[in-house]
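What follows is the content of data_27.txt, which has compact mmCIF, C-alpha atoms:
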# COMPACT_ATOMS: atom_id res chain seq x y z
CA MET T 1 -9.21 -19.90 -10.82
CA SER T 2 -11.00 -18.48 -7.81
CA SER T 3 -13.28 -20.61 -5.66
CA VAL T 4 -16.99 -19.79 -5.27
CA PRO T 5 -17.89 -18.68 -1.73
CA GLN T 6 -20.63 -20.72 -0.01
CA ASN T 7 -22.81 -17.65 0.41
CA ALA T 8 -22.33 -16.58 -3.19
CA SER T 9 -26.04 -16.18 -3.87
CA ALA T 10 -26.48 -13.87 -0.88
CA THR T 11 -23.46 -11.85 -2.01
CA VAL T 12 -24.89 -11.42 -5.49
CA ARG T 13 -28.30 -10.44 -4.09
CA ASP T 14 -26.69 -7.86 -1.78
CA LEU T 15 -24.74 -6.43 -4.66
CA HIS T 16 -27.89 -5.97 -6.71
CA ALA T 17 -29.67 -4.41 -3.74
CA ALA T 18 -26.90 -1.93 -3.02
CA PRO T 19 -27.57 1.52 -4.47
CA ALA T 20 -25.00 2.76 -6.97
CA ARG T 21 -22.97 5.39 -5.15
CA GLN T 22 -22.02 7.43 -8.20
CA LYS T 23 -21.52 6.76 -11.87
CA THR T 24 -18.07 8.35 -11.75
CA ALA T 25 -15.81 8.78 -8.77
CA ALA T 26 -15.57 12.30 -7.41
CA PRO T 27 -12.18 13.96 -7.84
CA GLN T 28 -10.04 13.66 -4.73
CA THR T 29 -9.34 17.18 -3.56
CA ARG T 30 -8.72 16.20 0.06
CA ARG T 31 -5.10 16.47 1.19
CA THR T 32 -3.17 13.21 1.13
CA GLU T 33 -1.88 12.09 4.50
CA ILE T 34 -0.75 9.11 6.53
CA VAL T 35 -3.48 7.80 8.83
CA ALA T 36 -1.61 8.29 12.11
CA ASP T 37 -4.16 6.80 14.48
CA LEU T 38 -4.92 3.40 13.02
CA TYR T 39 -6.39 1.85 16.14
CA GLN T 40 -9.00 4.59 16.30
CA ALA T 41 -9.58 4.48 12.54
CA PHE T 42 -10.44 0.77 12.57
CA LYS T 43 -11.95 0.44 16.05
CA GLU T 44 -13.86 3.71 16.56
CA GLU T 45 -14.41 5.15 13.08
CA GLY T 46 -15.23 1.85 11.41
CA ARG T 47 -12.84 2.43 8.54
CA THR T 48 -12.02 -0.62 6.46
CA LEU T 49 -8.88 -1.95 4.84
CA VAL T 50 -10.19 -0.71 1.50
CA ASP T 51 -10.48 2.82 2.98
CA ILE T 52 -6.99 2.75 4.43
CA THR T 53 -5.48 1.24 1.28
CA TRP T 54 -7.05 4.03 -0.77
CA GLU T 55 -5.31 6.59 1.47
CA GLN T 56 -2.03 4.73 1.07
CA GLN T 57 -2.44 4.68 -2.71
CA ARG T 58 -3.32 8.39 -2.89
CA LEU T 59 -0.26 9.36 -0.89
CA HIS T 60 1.98 7.02 -2.87
CA GLU T 61 0.78 8.46 -6.18
CA SER T 62 1.12 12.03 -4.99
CA ARG T 63 4.76 11.40 -4.10
CA ARG T 64 5.87 9.54 -7.22
CA TRP T 65 9.10 10.67 -8.84
CA SER T 66 11.23 9.48 -11.72
CA VAL T 67 14.60 7.91 -11.02
CA VAL T 68 15.59 8.26 -14.66
CA GLU T 69 14.85 12.00 -14.67
CA LEU T 70 16.66 12.72 -11.40
CA VAL T 71 19.71 10.65 -12.36
CA ASP T 72 19.83 12.34 -15.78
CA ALA T 73 19.78 15.74 -14.07
CA VAL T 74 23.13 15.10 -12.32
CA THR T 75 26.12 16.66 -14.08
CA LEU T 76 28.67 13.92 -13.58
CA GLU T 77 31.82 15.99 -14.06
CA ASN T 78 30.75 18.32 -11.24
CA VAL T 79 30.42 15.55 -8.64
CA SER T 80 33.36 15.79 -6.22
CA GLU T 81 35.36 12.84 -4.91
CA SER T 82 33.71 13.11 -1.50
CA ASP T 83 30.24 13.26 -3.04
CA ARG T 84 30.97 10.18 -5.10
CA LEU T 85 31.56 8.27 -1.89
CA VAL T 86 28.20 9.42 -0.58
CA VAL T 87 26.58 7.96 -3.70
CA TRP T 88 28.56 4.71 -3.49
CA ASN T 89 27.77 4.15 0.18
CA ALA T 90 24.09 4.99 -0.28
CA GLY T 91 23.76 2.52 -3.16
CA ARG T 92 25.23 -0.33 -1.12
CA ALA T 93 23.19 0.59 1.94
CA GLU T 94 19.95 0.68 -0.02
CA LEU T 95 20.57 -2.84 -1.33
CA THR T 96 19.60 -4.16 2.10
CA THR T 97 16.16 -2.55 2.11
CA LYS T 98 14.47 -5.03 -0.22
CA PRO T 99 15.04 -8.03 2.08
CA GLY T 100 13.70 -5.88 4.93
CA ALA T 101 10.56 -5.10 2.97
CA ASP T 102 10.12 -8.69 1.80
CA ARG T 103 10.34 -9.87 5.37
CA LEU T 104 7.91 -7.20 6.58
CA ALA T 105 5.29 -8.27 4.04
CA ARG T 106 5.52 -11.90 5.16
CA LEU T 107 5.79 -11.17 8.88
CA ALA T 108 2.85 -8.73 8.89
CA ASP T 109 0.60 -11.21 7.12
CA THR T 110 1.58 -14.08 9.43
CA GLU T 111 1.00 -11.88 12.46
CA CYS T 112 -2.33 -10.67 11.04
CA ARG T 113 -3.60 -14.23 10.74
CA ARG T 114 -2.46 -14.98 14.29
CA TRP T 115 -4.86 -12.28 15.51
CA GLN T 116 -7.79 -13.13 13.26
CA GLY T 117 -10.68 -14.31 15.40
CA ARG T 118 -8.99 -12.91 18.52
CA ASP T 119 -8.70 -9.19 17.79
CA ALA T 120 -10.08 -7.93 14.50
CA THR T 121 -8.63 -4.43 14.95
CA VAL T 122 -5.09 -5.70 15.44
CA ALA T 123 -5.49 -8.04 12.47
CA SER T 124 -6.56 -5.07 10.33
CA ILE T 125 -3.67 -2.86 11.50
CA LEU T 126 -1.21 -5.63 10.63
CA GLN T 127 -2.81 -6.25 7.25
CA ALA T 128 -2.65 -2.50 6.53
CA CYS T 129 1.04 -2.66 7.34
CA GLY T 130 1.68 -5.65 5.08
CA THR T 131 -0.32 -4.00 2.31
CA TRP T 132 1.63 -0.77 2.60
CA SER T 133 4.94 -2.65 2.45
CA ARG T 134 4.53 -2.90 -1.34
CA TYR T 135 4.77 0.91 -1.62
CA TRP T 136 7.74 0.97 0.73
CA ASN T 137 9.49 -1.72 -1.31
CA GLU T 138 8.81 0.13 -4.57
CA GLU T 139 9.97 3.48 -3.21
CA GLU T 140 13.13 1.95 -1.81
CA ALA T 141 13.80 0.47 -5.25
CA HIS T 142 13.98 4.08 -6.47
CA HIS T 143 16.69 4.82 -3.92
CA GLU T 144 18.73 1.71 -4.61
CA THR T 145 18.68 1.97 -8.37
CA SER T 146 19.32 5.72 -8.53
CA PHE T 147 22.44 5.60 -6.34
CA ASN T 148 23.81 2.42 -7.88
CA GLN T 149 23.25 3.68 -11.42
CA LEU T 150 24.96 6.94 -10.53
CA ALA T 151 27.90 5.08 -8.96
CA THR T 152 28.17 3.03 -12.14
CA VAL T 153 28.19 5.98 -14.53
CA LEU T 154 30.63 7.78 -12.24
CA GLY T 155 32.97 4.83 -12.77
CA MET T 156 33.13 3.82 -9.12
CA GLU T 157 34.10 0.36 -7.88
CA PRO T 158 31.29 -1.89 -9.14
CA ILE T 159 29.09 -3.97 -6.89
CA THR T 160 29.70 -7.60 -7.79
CA ASP T 161 26.80 -9.98 -8.16
CA GLN T 162 28.18 -11.84 -5.14
CA THR T 163 27.96 -8.69 -2.98
CA PHE T 164 24.54 -7.88 -4.40
CA ILE T 165 23.26 -11.33 -3.41
CA GLU T 166 24.99 -11.16 -0.01
CA PHE T 167 23.25 -7.84 0.74
CA ARG T 168 19.88 -9.39 -0.14
CA LYS T 169 19.96 -11.85 2.76
CA ILE T 170 16.63 -11.77 4.57
CA PHE T 171 16.71 -10.48 8.13
CA PRO T 172 15.75 -12.96 10.87
CA ASP T 173 12.21 -12.66 12.23
CA ASP T 174 11.48 -10.84 15.46
CA ASP T 175 8.60 -9.52 17.55
CA MET T 176 6.38 -7.28 15.38
CA LEU T 177 6.52 -4.17 17.56
CA ARG T 178 10.29 -4.43 17.82
CA THR T 179 10.52 -4.83 14.06
CA LEU T 180 8.39 -1.77 13.35
CA THR T 181 10.25 0.33 15.92
CA LEU T 182 13.60 -0.74 14.51
CA LEU T 183 12.44 0.16 11.02
CA ALA T 184 11.23 3.58 12.21
CA PHE T 185 14.63 4.24 13.80
CA SER T 186 16.46 2.98 10.71
CA GLU T 187 14.51 5.45 8.60
CA ILE T 188 15.50 8.19 11.05
CA VAL T 189 19.18 7.30 10.68
CA ALA T 190 18.85 7.21 6.90
CA ALA T 191 16.86 10.48 6.69
CA VAL T 192 19.35 12.38 8.86
CA ASN T 193 22.27 11.01 6.85
CA TYR T 194 20.66 12.04 3.55
CA ALA T 195 19.72 15.48 4.87
CA HIS T 196 23.31 15.99 6.02
CA SER T 197 24.67 14.80 2.67
CA ALA T 198 22.22 17.01 0.76
CA ARG T 199 23.54 20.03 2.64
CA MET T 200 27.17 19.12 1.95
CA VAL T 201 27.09 18.24 -1.75
CA GLN T 202 27.48 21.03 -4.28
CA GLU T 203 26.18 19.51 -7.50
CA PRO T 204 22.50 20.61 -7.75
CA GLY T 205 21.18 17.43 -9.37
CA LEU T 206 22.71 15.22 -6.70
CA LYS T 207 21.52 17.60 -4.00
CA ALA T 208 17.95 17.32 -5.34
CA LEU T 209 18.16 13.52 -5.43
CA LEU T 210 19.41 13.31 -1.84
CA LYS T 211 16.64 15.65 -0.67
CA GLN T 212 14.02 13.58 -2.46
CA VAL T 213 15.29 10.32 -0.96
CA GLY T 214 15.52 11.90 2.50
CA ALA T 215 11.90 13.07 2.23
CA ASP T 216 10.85 9.53 1.30
CA GLU T 217 12.62 8.16 4.38
CA ILE T 218 10.79 10.62 6.63
CA GLN T 219 7.50 9.49 5.11
CA HIS T 220 8.45 5.85 5.73
CA MET T 221 9.38 6.67 9.32
CA THR T 222 5.95 8.22 9.84
CA TYR T 223 4.25 5.10 8.49
CA PHE T 224 6.29 2.78 10.74
CA ILE T 225 5.46 4.94 13.74
CA ALA T 226 1.75 4.78 12.85
CA PHE T 227 1.76 0.97 12.61
CA ALA T 228 3.78 0.61 15.83
CA LYS T 229 1.49 3.05 17.65
CA GLY T 230 -1.55 1.08 16.47
CA LEU T 231 -0.13 -2.09 18.04
CA VAL T 232 0.68 -0.36 21.34
CA ASP T 233 -2.73 1.37 21.41
CA SER T 234 -4.39 -2.01 21.04
CA GLY T 235 -2.90 -3.13 24.35
CA ARG T 236 -1.73 -6.34 22.70
CA TYR T 237 1.93 -5.31 22.36
CA PRO T 238 3.81 -4.00 25.42
CA ALA T 239 5.62 -0.65 25.10
CA LYS T 240 8.71 -2.25 26.62
CA GLU T 241 9.55 -3.73 23.22
CA ALA T 242 9.78 -0.27 21.65
CA PHE T 243 12.01 0.87 24.51
CA ALA T 244 14.20 -2.24 24.16
CA VAL T 245 14.95 -1.24 20.57
CA ALA T 246 15.55 2.35 21.69
CA HIS T 247 18.08 1.11 24.23
CA LEU T 248 19.76 -0.96 21.53
CA PHE T 249 20.22 2.19 19.44
CA LEU T 250 20.96 4.71 22.19
CA ARG T 251 23.21 2.80 24.58
CA GLU T 252 26.94 3.41 24.64
CA GLY T 253 28.29 1.97 21.40
CA GLY T 254 24.72 1.46 20.18
CA GLU T 255 23.37 1.19 16.64
CA VAL T 256 22.93 4.94 16.27
CA GLN T 257 26.75 5.18 16.04
CA GLY T 258 26.67 3.00 12.90
CA SER T 259 29.91 1.72 11.47
CA LYS T 260 31.90 4.16 13.59
CA ARG T 261 31.43 1.93 16.63
CA GLU T 262 34.58 0.53 18.15
CA ARG T 263 33.31 -2.96 17.59
CA VAL T 264 30.62 -3.89 15.09
CA GLU T 265 28.89 -7.23 15.57
CA GLN T 266 29.81 -9.85 12.97
CA ARG T 267 26.60 -11.34 11.60
CA GLU T 268 26.21 -14.51 9.59
CA THR T 269 22.50 -14.10 9.04
CA HIS T 270 22.12 -10.78 7.23
CA VAL T 271 23.78 -7.50 6.33
CA ASN T 272 23.03 -4.51 8.49
CA TRP T 273 23.55 -1.49 6.29
CA TRP T 274 24.68 0.94 8.96
CA ASP T 275 27.45 -1.51 9.90
CA HIS T 276 28.81 -1.35 6.37
CA VAL T 277 29.00 2.34 5.54
CA GLU T 278 32.62 3.10 4.74
CA TYR T 279 34.12 6.43 5.61
CA ARG T 280 37.25 7.41 3.74
CA GLU T 281 39.63 10.30 4.12
CA GLY T 282 38.20 13.56 2.89
CA MET T 283 34.62 12.28 3.06
CA ASN T 284 31.92 14.14 4.90
CA ALA T 285 30.84 11.69 7.58
CA PRO T 286 27.12 11.99 8.23
CA ASP T 287 27.07 11.84 12.03
CA ALA T 288 24.51 14.19 13.57
CA VAL T 289 24.03 11.67 16.37
CA GLU T 290 22.21 14.19 18.54
CA LYS T 291 19.68 14.89 15.81
CA LYS T 292 19.08 11.16 15.38
CA GLU T 293 18.65 10.71 19.13
CA THR T 294 16.17 13.59 19.32
CA LEU T 295 14.10 12.06 16.52
CA ILE T 296 14.21 8.67 18.26
CA PHE T 297 12.85 10.25 21.48
CA HIS T 298 10.12 11.88 19.41
CA ALA T 299 9.26 8.57 17.72
CA LEU T 300 9.11 6.81 21.09
CA LYS T 301 6.68 9.42 22.36
CA ARG T 302 4.44 8.95 19.32
CA ILE T 303 4.55 5.16 19.52
CA THR T 304 4.11 4.71 23.27
CA GLY T 305 2.92 8.09 24.61
CA ILE T 306 5.91 8.09 26.99
CA THR T 307 8.32 11.03 26.99
CA VAL T 308 12.06 10.60 27.43
CA SER T 309 14.77 13.07 26.50
CA SER T 310 18.06 11.25 27.00
CA ALA T 311 19.59 7.82 26.49
CA GLN T 312 19.70 7.39 30.27
CA GLU T 313 16.00 8.17 30.60
CA ALA T 314 15.21 5.73 27.80
CA GLU T 315 17.21 3.01 29.57
CA ASP T 316 15.57 3.77 32.93
CA MET T 317 12.12 3.63 31.37
CA TRP T 318 12.91 0.35 29.64
CA LEU T 319 14.14 -1.16 32.93
CA GLU T 320 10.98 0.00 34.64
CA LEU T 321 8.77 -1.49 31.94
CA VAL T 322 10.69 -4.78 31.92
CA GLY T 323 10.33 -5.37 35.66
CA CYS T 324 12.06 -8.20 37.54
CA MET N 1 25.48 -6.88 52.43
CA LEU N 2 26.16 -9.97 50.30
CA ASN N 3 29.63 -11.43 50.04
CA ALA N 4 31.16 -12.23 46.65
CA GLU N 5 29.97 -15.85 46.60
CA GLU N 6 26.41 -14.94 47.58
CA LEU N 7 26.30 -12.21 44.93
CA LYS N 8 27.64 -14.59 42.31
CA ALA N 9 25.07 -17.26 43.17
CA TYR N 10 22.25 -14.69 43.15
CA ILE N 11 23.20 -13.33 39.72
CA GLN N 12 23.64 -16.82 38.28
CA THR N 13 20.24 -17.94 39.57
CA LYS N 14 18.39 -14.86 38.34
CA PHE N 15 19.97 -14.77 34.91
CA SER N 16 19.44 -18.51 34.32
CA GLU N 17 15.82 -18.15 35.37
CA HIS N 18 15.25 -15.42 32.79
CA ALA N 19 17.16 -17.34 30.13
CA CYS N 20 14.99 -20.39 30.86
CA LEU N 21 18.09 -22.57 31.28
CA SER N 22 19.68 -24.23 34.32
CA PRO N 23 22.56 -22.38 36.06
CA ASN N 24 24.81 -25.35 35.38
CA GLU N 25 23.94 -25.33 31.70
CA VAL N 26 24.79 -21.64 31.33
CA PHE N 27 27.70 -21.17 33.71
CA GLY N 28 29.10 -24.70 33.96
CA ALA N 29 29.70 -24.85 30.25
CA ASP N 30 30.61 -21.13 30.16
CA LEU N 31 28.41 -20.56 27.12
CA THR N 32 28.93 -17.57 24.86
CA LEU N 33 26.07 -15.08 24.63
CA ALA N 34 25.33 -16.35 21.13
CA ALA N 35 25.10 -19.94 22.42
CA ILE N 36 22.74 -18.87 25.20
CA ILE N 37 20.40 -17.28 22.66
CA THR N 38 20.49 -20.42 20.54
CA ARG N 39 19.83 -22.79 23.44
CA SER N 40 17.20 -20.75 25.25
CA GLU N 41 13.63 -21.40 24.23
CA ARG N 42 12.72 -17.94 25.50
CA MET N 43 15.21 -16.03 23.36
CA THR N 44 15.00 -15.08 19.71
CA ASN N 45 17.84 -12.60 19.51
CA SER N 46 20.11 -10.21 21.41
CA VAL N 47 17.16 -8.04 22.51
CA ASP N 48 15.85 -10.98 24.54
CA LEU N 49 19.32 -11.43 25.99
CA MET N 50 19.40 -7.73 26.91
CA GLU N 51 16.06 -8.18 28.63
CA ALA N 52 17.38 -11.12 30.70
CA PHE N 53 20.25 -8.90 31.86
CA ALA N 54 17.80 -6.08 32.55
CA ARG N 55 15.61 -8.30 34.71
CA THR N 56 18.66 -9.54 36.62
CA SER N 57 19.77 -5.96 37.15
CA ASN N 58 16.30 -4.95 38.31
CA ALA N 59 16.17 -7.84 40.78
CA LEU N 60 19.54 -6.83 42.23
CA ARG N 61 18.31 -3.27 42.67
CA LYS N 62 14.95 -4.26 44.14
CA GLU N 63 16.16 -6.96 46.52
CA HIS N 64 19.61 -5.70 47.40
CA GLY N 65 19.66 -2.01 46.42
CA ILE N 66 22.50 -2.52 43.95
CA ARG N 67 22.27 -0.74 40.61
CA VAL N 68 24.29 -2.46 37.88
CA ARG N 69 24.66 -0.80 34.50
CA LEU N 70 23.79 -3.14 31.67
CA PRO N 71 26.75 -4.52 29.76
CA ALA N 72 26.92 -4.02 25.98
CA LEU N 73 29.03 -6.96 24.87
CA ALA N 74 29.69 -8.84 21.66
CA LEU N 75 27.82 -12.09 21.16
CA ASP N 76 31.01 -14.15 21.21
CA THR N 77 31.69 -13.06 24.81
CA PRO N 78 31.61 -16.00 27.27
CA ILE N 79 29.09 -15.62 30.09
CA SER N 80 31.91 -15.86 32.68
CA LYS N 81 33.14 -12.44 31.50
CA VAL N 82 29.67 -10.95 31.80
CA LEU N 83 29.31 -12.42 35.27
CA GLU N 84 32.68 -10.95 36.22
CA ALA N 85 31.62 -7.50 34.98
CA PHE N 86 28.32 -7.76 36.88
CA LEU N 87 30.11 -8.84 40.06
CA GLN N 88 32.73 -6.11 39.91
CA GLU N 89 30.10 -3.43 39.44
CA ALA N 90 27.89 -4.87 42.20
CA GLN N 91 30.79 -5.09 44.64
CA ARG N 92 31.94 -1.58 43.77
CA GLN N 93 28.45 -0.29 44.56
CA GLN N 94 28.23 -2.23 47.81
CA GLU N 95 31.60 -0.89 48.93
CA GLY N 96 30.57 2.62 47.96
CA ARG N 97 27.44 2.34 50.07
CA ALA N 98 29.34 0.90 53.04
CA ALA N 99 31.94 3.69 52.94

For the file at hand, write its structure as structure tokens.
Amino acid sequence: MSSVPQNASATVRDLHAAPARQKTAAPQTRRTEIVADLYQAFKEEGRTLVDITWEQQRLHESRRWSVVELVDAVTLENVSESDRLVVWNAGRAELTTKPGADRLARLADTECRRWQGRDATVASILQACGTWSRYWNEEEAHHETSFNQLATVLGMEPITDQTFIEFRKIFPDDDMLRTLTLLAFSEIVAAVNYAHSARMVQEPGLKALLKQVGADEIQHMTYFIAFAKGLVDSGRYPAKEAFAVAHLFLREGGEVQGSKRERVEQRETHVNWWDHVEYREGMNAPDAVEKKETLIFHALKRITGITVSSAQEAEDMWLELVGC
Amino acid sequence: MLNAEELKAYIQTKFSEHACLSPNEVFGADLTLAAIITRSERMTNSVDLMEAFARTSNALRKEHGIRVRLPALALDTPISKVLEAFLQEAQRQQEGRAA
């Protein structure tokens, strides 16, 4: 049961006084897009959370696809041994996205309330992020279930309930800008891997699925960049945090190398999917490290406005921003 | 030019300051990097640890003109090993400048 607000009578009066906008909503012919400049949207243009949520919903609806249809379109007997491993790895990797999204929803809301009364624009940007996380979570469910269902019908080694639960461990909390930057970079790694895999596989149904998932990851990356940029634009979150995460990925033996690193950190707290991708003989390893690095530089530019074009430059910039 | 002992003391002081722990607490007990993160009120995770190393490196460069590349080490590494790596790199740079 909802509580009655103290100014309920005023609210009702205002509602009656407000002119009806239209009896039916006008059809939405405007192109769907991600609102890239959230700080400006809230601060300068006076857009509200309802406005931004409507844009999120429109884009989400315009991009909907059916897992059942795409999985059914794969001709199982034409999937090669190497391609099966792509499917198996992707399914396990995608299991770790739900805890990431669950955490984002909680973290964004907590952070939003921390700014309420101090900076309304930042609070709105964070609430827009937490609100959007439901679409991210739902879209990632498409990825997880499609690959795991395919791996199952292909007769691959099953994921035990124990592994499933292990991969659902919630990531530890961190600074919000770092979190968003890390998620943007993770989507870059995923998108490049899927694009590479889509080029390599021969079976058309699987190729289409990988392309679709890769396109989703690019869209998610763009959203994370927009939220991170909004925080930096507000002046409340220092750009050094975005560069710290960049250094973590780009440094020698950094996260961008994934499970191919000489030494992968053992974690008790959560499962990091790129640490767990297993390459086997005869499998096409989705490296394309240079492509991932280029996209990370591009993301950094969009988030912070600062241009770097090598790992060394990213490190130097981070050191400069950190100070003594 | 600082001698080895002076360099060691400088690095220990700076790093402890940024970790918000006493030099004795960090280096006396030879804590692992994971233990430092756990004990430090300023640190949440390895990114904070990286930043403490970065600030130490920046201080070395600013005050003594020595540029030390940041170490990328596993969290079970004891701080004595990190200190050793820092010292070796700092001394190598000092010698290079002197030559």

Near-T:Ile159 list (12 Å; all atoms listed in the file; drop same-chain fewer than 2 positions) as a list in words: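 The residues satisfying every condition are Trp88, Asn89, Gly91, Arg92, Ala93, Leu95, Phe147, Asn148, Gln149, Ala151, Thr152, Gly155, Met156, Glu157, Asp161, Gln162, Thr163, Phe164, Ile165, Glu166 and Phe167 of chain T.
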
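If all atoms listed in the file are the atoms counted, then among T:Ser133, T:Ser82, T:Asn193, T:Gln312 the closest residue to chain N is T:Gln312.
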
Å distance separating atom CA of T:Ala141 from atom CA of N:Asn45, one decimal place: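 If I compute the distance from atom CA of T:Ala141 to atom CA of N:Asn45, I get 28.3 Å.
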
Closest of N:Arg61, N:Arg69, N:Arg39, N:Arg55 to N:Val26 - atom-to-atom distances counting all atoms listed in the file: N:Arg39

For N:Leu73: contacts at 12 Å, all atoms listed in the file, fewer than 6 positions along chain excluded, given as a ChimeraX atom specification: /T:248,251-254,262-265 /N:32-34,46,49-50,53,79,81-83,85

Within 10 Å of (12.9, -3.7, 32.8) (coordinates as in the file), grab all the protein and nucleic acid residues, counting only C-alpha atoms, and write them out as a compact mmCIF listing (two decimals) with C-alpha atoms, in the coordinates of the input.
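Here's the written file part-v1.txt:
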# COMPACT_ATOMS: atom_id res chain seq x y z
CA LYS T 240 8.71 -2.25 26.62
CA PHE T 243 12.01 0.87 24.51
CA ALA T 244 14.20 -2.24 24.16
CA GLU T 315 17.21 3.01 29.57
CA ASP T 316 15.57 3.77 32.93
CA MET T 317 12.12 3.63 31.37
CA TRP T 318 12.91 0.35 29.64
CA LEU T 319 14.14 -1.16 32.93
CA GLU T 320 10.98 0.00 34.64
CA LEU T 321 8.77 -1.49 31.94
CA VAL T 322 10.69 -4.78 31.92
CA GLY T 323 10.33 -5.37 35.66
CA CYS T 324 12.06 -8.20 37.54
CA MET N 50 19.40 -7.73 26.91
CA GLU N 51 16.06 -8.18 28.63
CA ALA N 52 17.38 -11.12 30.70
CA PHE N 53 20.25 -8.90 31.86
CA ALA N 54 17.80 -6.08 32.55
CA ARG N 55 15.61 -8.30 34.71
CA THR N 56 18.66 -9.54 36.62
CA SER N 57 19.77 -5.96 37.15
CA ASN N 58 16.30 -4.95 38.31
CA ALA N 59 16.17 -7.84 40.78

Polymer residues at most 12 Å from (21.0, -1.2, 49.6) by all atoms listed in the file, as a list of chain:residue names: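 Applying the cut-off with all atoms listed in the file, one gets N:Met1, N:Leu2, N:Leu60, N:Arg61, N:Lys62, N:Glu63, N:His64, N:Gly65, N:Ile66, N:Arg67, N:Ala90, N:Gln91, N:Gln93, N:Gln94, N:Glu95, N:Gly96, N:Arg97, N:Ala98.
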
Separation of atom CA of T:Leu38 from atom CA of T:Gly235 in Å: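 Result for atom CA of T:Gly235 versus atom CA of T:Leu38: 13.2 Å, one decimal.
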
Contact residues around T:Leu76 with only C-alpha atoms at 9 Å, ignoring same-chain residues under 2 positions, as a list in words: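 Surrounding residues, per the criterion: Val74, Asn78, Val79, Ser80, Leu150, Val153, Leu154 and Glu203 of chain T.
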
Only C-alpha atoms, as a PDB file, in the first residue's frame: that is what I want for stretch 92-132 of chain T.
ATOM      1  CA  ARG T  92      30.338 -19.378 -19.173  1.00  0.00           C
ATOM      2  CA  ALA T  93      31.597 -15.834 -19.588  1.00  0.00           C
ATOM      3  CA  GLU T  94      28.090 -14.418 -19.841  1.00  0.00           C
ATOM      4  CA  LEU T  95      27.111 -16.081 -16.561  1.00  0.00           C
ATOM      5  CA  THR T  96      29.111 -13.410 -14.743  1.00  0.00           C
ATOM      6  CA  THR T  97      27.181 -10.493 -16.224  1.00  0.00           C
ATOM      7  CA  LYS T  98      24.088 -10.820 -14.040  1.00  0.00           C
ATOM      8  CA  PRO T  99      25.980 -10.232 -10.768  1.00  0.00           C
ATOM      9  CA  GLY T 100      27.608  -7.225 -12.459  1.00  0.00           C
ATOM     10  CA  ALA T 101      24.227  -5.812 -13.391  1.00  0.00           C
ATOM     11  CA  ASP T 102      22.710  -6.559  -9.991  1.00  0.00           C
ATOM     12  CA  ARG T 103      25.555  -4.731  -8.333  1.00  0.00           C
ATOM     13  CA  LEU T 104      25.277  -1.780 -10.731  1.00  0.00           C
ATOM     14  CA  ALA T 105      21.585  -1.341  -9.932  1.00  0.00           C
ATOM     15  CA  ARG T 106      22.284  -1.257  -6.196  1.00  0.00           C
ATOM     16  CA  LEU T 107      25.454   0.838  -6.412  1.00  0.00           C
ATOM     17  CA  ALA T 108      23.896   3.448  -8.723  1.00  0.00           C
ATOM     18  CA  ASP T 109      20.910   3.900  -6.445  1.00  0.00           C
ATOM     19  CA  THR T 110      23.064   4.187  -3.310  1.00  0.00           C
ATOM     20  CA  GLU T 111      25.304   6.699  -5.051  1.00  0.00           C
ATOM     21  CA  CYS T 112      22.271   8.635  -6.339  1.00  0.00           C
ATOM     22  CA  ARG T 113      20.942   9.067  -2.811  1.00  0.00           C
ATOM     23  CA  ARG T 114      24.365  10.201  -1.620  1.00  0.00           C
ATOM     24  CA  TRP T 115      24.120  13.137  -4.038  1.00  0.00           C
ATOM     25  CA  GLN T 116      20.486  14.021  -3.411  1.00  0.00           C
ATOM     26  CA  GLY T 117      20.315  17.469  -1.850  1.00  0.00           C
ATOM     27  CA  ARG T 118      23.927  18.142  -2.856  1.00  0.00           C
ATOM     28  CA  ASP T 119      23.862  17.884  -6.649  1.00  0.00           C
ATOM     29  CA  ALA T 120      20.542  17.153  -8.306  1.00  0.00           C
ATOM     30  CA  THR T 121      22.091  16.660 -11.761  1.00  0.00           C
ATOM     31  CA  VAL T 122      24.522  13.999 -10.552  1.00  0.00           C
ATOM     32  CA  ALA T 123      21.712  12.283  -8.631  1.00  0.00           C
ATOM     33  CA  SER T 124      19.646  12.178 -11.837  1.00  0.00           C
ATOM     34  CA  ILE T 125      22.520  10.828 -13.955  1.00  0.00           C
ATOM     35  CA  LEU T 126      23.078   8.055 -11.420  1.00  0.00           C
ATOM     36  CA  GLN T 127      19.381   7.234 -11.224  1.00  0.00           C
ATOM     37  CA  ALA T 128      19.249   7.092 -15.042  1.00  0.00           C
ATOM     38  CA  CYS T 129      22.120   4.622 -14.886  1.00  0.00           C
ATOM     39  CA  GLY T 130      20.450   2.436 -12.262  1.00  0.00           C
ATOM     40  CA  THR T 131      17.204   2.549 -14.213  1.00  0.00           C
ATOM     41  CA  TRP T 132      18.910   1.530 -17.440  1.00  0.00           C
TER      42      TRP T 132
END
